Amino acid sequence: MTAAPSLPWVTPELMTRRTRSLSEIRAVAGWVLWLERRPDEQGRSVVVGRAPDGTLHDLTPPEAQVGTDMHVYGGGAWAAERHGSDMVVLFSDSRQGGLWRSRNGQAAQPLCPAAGDDGVTCRYADLSLQDGRLVCVREVETPSGEEKADLVEVDAQGRLHSLQSGADFYMSPRLSPDGRFLAFIAWQNPHMPWTETGLYVTDLSGAGGTVCLTGGTGQDCSVMGPFWDGRRLHALSDAAPAGALPESDRHWTPVAFEPEDITGGGTAWRACPLPPAPAEVGLPAWVFGQSCCAALPGGRLLARGVRQGVPVTLLHEPASGWRDVLAGAVPDDVPVPLEGGSRFVWLNSPPDGPPALMLGTLDGAAEDREIIRRAWEMPPHVVAADIALPETLSFPVENGPGPLHAQFYPPARGPHCEKVAGKPPLVVIVHGGPTGQARTDLSFKVQWWTSRGFAVLDVNYRGSTGFGRAYRAALDGQWGVLDVQDCCRAVQGVIEQGLVDPQRCVIRGSSAGGLTVLSALARSDLFVAGTSLYGVTDLRALAEETHRFEARYLDGLVAPWPEEEAVYLARSPLSWPEKITAPVLFLHGDADRVVPLSQGQALQKQLPASSLHVYPGEGHGFRDAGVIADSLARELAFYRDVFAGRRG
């Protein structure tokens, strides 16, 4: 006899099922390549390729772990090129360190060591390979702990040649097709890549130096994602040309520049006007290797944008401007053109199904698209009504840019979901970053709640990306204040609409969102409980202890450190534990390098109605499937105890 399907359908067993994750899609000589993380191989990341005949091949060997811990979050740790009948992959190995070369997935050969005889450790990221030339970002750490970055070219013998140095941070080194120019993004502390960066070009021929084309120090704009289309250089910038956009509507949109030779030597770069994209084309660069825009034949551009919090795909044609394409698709990055330019491949992340690598045309029907690889398979008994779909909501605000945005998920009403009488309880999700975004793709972390009779409100508080620079910059100096106001305002909005039970609202947040959770519990009586997942409790300790990439992040979000220490004290939940009277659950890993475990421990000890659970070996952001399932089960039991009056 067949066992009855589980109720609800998102079970701990489903949460712990070993599922792949897919990212960093590339097209090389008729092949489709991607990075695939495999939990059934201890989380190993592998470069996988689909040959033109449709067969799949591992292109890095079983002993390799493709990855980098540069900036902690990594990304862009590999590049590939076709050499005759061979596919050659160059990659950083996060276990062994250094750079490696593998041909057709065979045993990797060392290219650059992770450490030299002088004790200096090197990390590599954002690899770009063109005509056998490899350029990448290198981060050097000395035995004394000093860290610095530069751009390097690596030859076939593994010799390094520094191409650019002096900035605090670099990303996206890209050679022009003729190899003469190197475009890149650079920025200085205390800025982050979404607050102030510059687009630079250096002339490798020696005929000219390095010039900044747009952005740069003191220019109050963010530039990212450079790419070449012949001699024309594109990038994404939120410094719109004068008069093209009102200040309140500035957002990442493509810009272009063309070189002009100067008599007597050197090059001048001419800006080429482009109409602003009707969506924000760009993502905050927490990781290397993201791509949101690409050049197509005929001067066309293809872009992955976000409009009112929802991903869209846009095509720009010189004669007619921008239009939406790829109807019904939800790409993670910009679709990648295959040879010939008529077909594209992308990672599709819909709200009602698993992520999948898709192959199709820009204007073709959804049923004509081919699935190359699914990240995982939906349980066969699940029906459409079992899955809660997001509803985009907005709420008016009294001050600053608005309106406020959020994704609301009503409880799912399918046959494999728990039913709740009356208005449902509400789980408010505060995303991390805080420069992050509430996504719309299918998430077990949302469906866990909606399949159990909860409504979910995922708030894109001001400071989130996807709504333009003014919306993103509204949190400057206001973290711990404006985000808290916005979360409370969104909850009040759904209560006023009669969507949830006002007596059973809880709030949860991870990392930066943990600070928002604790601040909301202290300043509002809307919530009967909260959960902080590896959350910030002490801003002073965070400023002193966090890693190099985020070392000065708080200067913009809170105030200059250490000059404004009093502001850090005033915003830190650790400074006012007596204001937090609702029950709190703390969940933290003991290997967290971003927000150390000591942060959660220090506050939890001062809150009588709180508990702390520590996961050995877990870092920042739970990755082990068993840990994720256990943390959600603990959190569910915690809320049910609170609702039943057994906590607090």
# chains A, B, ... in the order shown; residues from 1 in each chain; ligands from 1
>>> residues_around(residues="A:Asp386", least_positions_apart="5", cutoff="7 Å", atoms="only C-alpha atoms", output="list in words")
Ala412, Arg413, Gly414, Pro415, His416, Cys417 and Ser451 of chain A
>>> residues_around(residues="A:Asp483", least_positions_apart="6", cutoff="8 Å", atoms="only C-alpha atoms", output="PyMOL selection string")
chain A and resi 461-463+475+516
>>> write_last_selection(atoms="N, CA, C and O atoms", output="tab-separated table (two decimals), in the first residue's frame")
chain	number	residue	atom	x	y	z
A	461	TYR	N	11.85	46.94	2.44
A	461	TYR	CA	11.96	48.22	3.12
A	461	TYR	C	12.91	49.13	2.35
A	461	TYR	O	13.74	48.67	1.55
A	462	ARG	N	12.79	50.43	2.59
A	462	ARG	CA	13.67	51.36	1.90
A	462	ARG	C	15.13	51.07	2.28
A	462	ARG	O	15.45	50.88	3.44
A	463	GLY	N	15.97	51.04	1.27
A	463	GLY	CA	17.32	50.50	1.40
A	463	GLY	C	17.48	49.27	0.54
A	463	GLY	O	18.60	48.85	0.23
A	475	LEU	N	18.19	54.56	3.19
A	475	LEU	CA	18.62	53.95	4.45
A	475	LEU	C	19.96	54.50	4.94
A	475	LEU	O	20.38	54.19	6.05
A	516	THR	N	17.08	44.45	12.61
A	516	THR	CA	15.77	45.05	12.39
A	516	THR	C	14.71	44.34	13.23
A	516	THR	O	13.82	44.99	13.80
>>> select_by_dssp(residues="stretch 194-281 of chain A", states="strand (DSSP E)", output="PyMOL selection string")
chain A and resi 198-203+210-215+223-229+232-237+253-261+267-272
>>> closest_residue(among="A:Ala591, A:Ala559, A:Ala125, A:Met70", to="A:Arg540", atoms="only C-alpha atoms")
A:Ala559
>>> residues_around(residues="A:Trp78", least_positions_apart="4", cutoff="8 Å", atoms="only C-alpha atoms", output="list of chain:residue names")
A:Val66, A:Gly67, A:Val89, A:Leu90, A:Phe91, A:Ser92, A:Ala125, A:Asp126, A:Leu127, A:Ser128
>>> closest_residue(among="A:Pro331, A:Gly432, A:Gly282, A:Gly208", to="A:Asp238", atoms="only C-alpha atoms")
A:Gly282
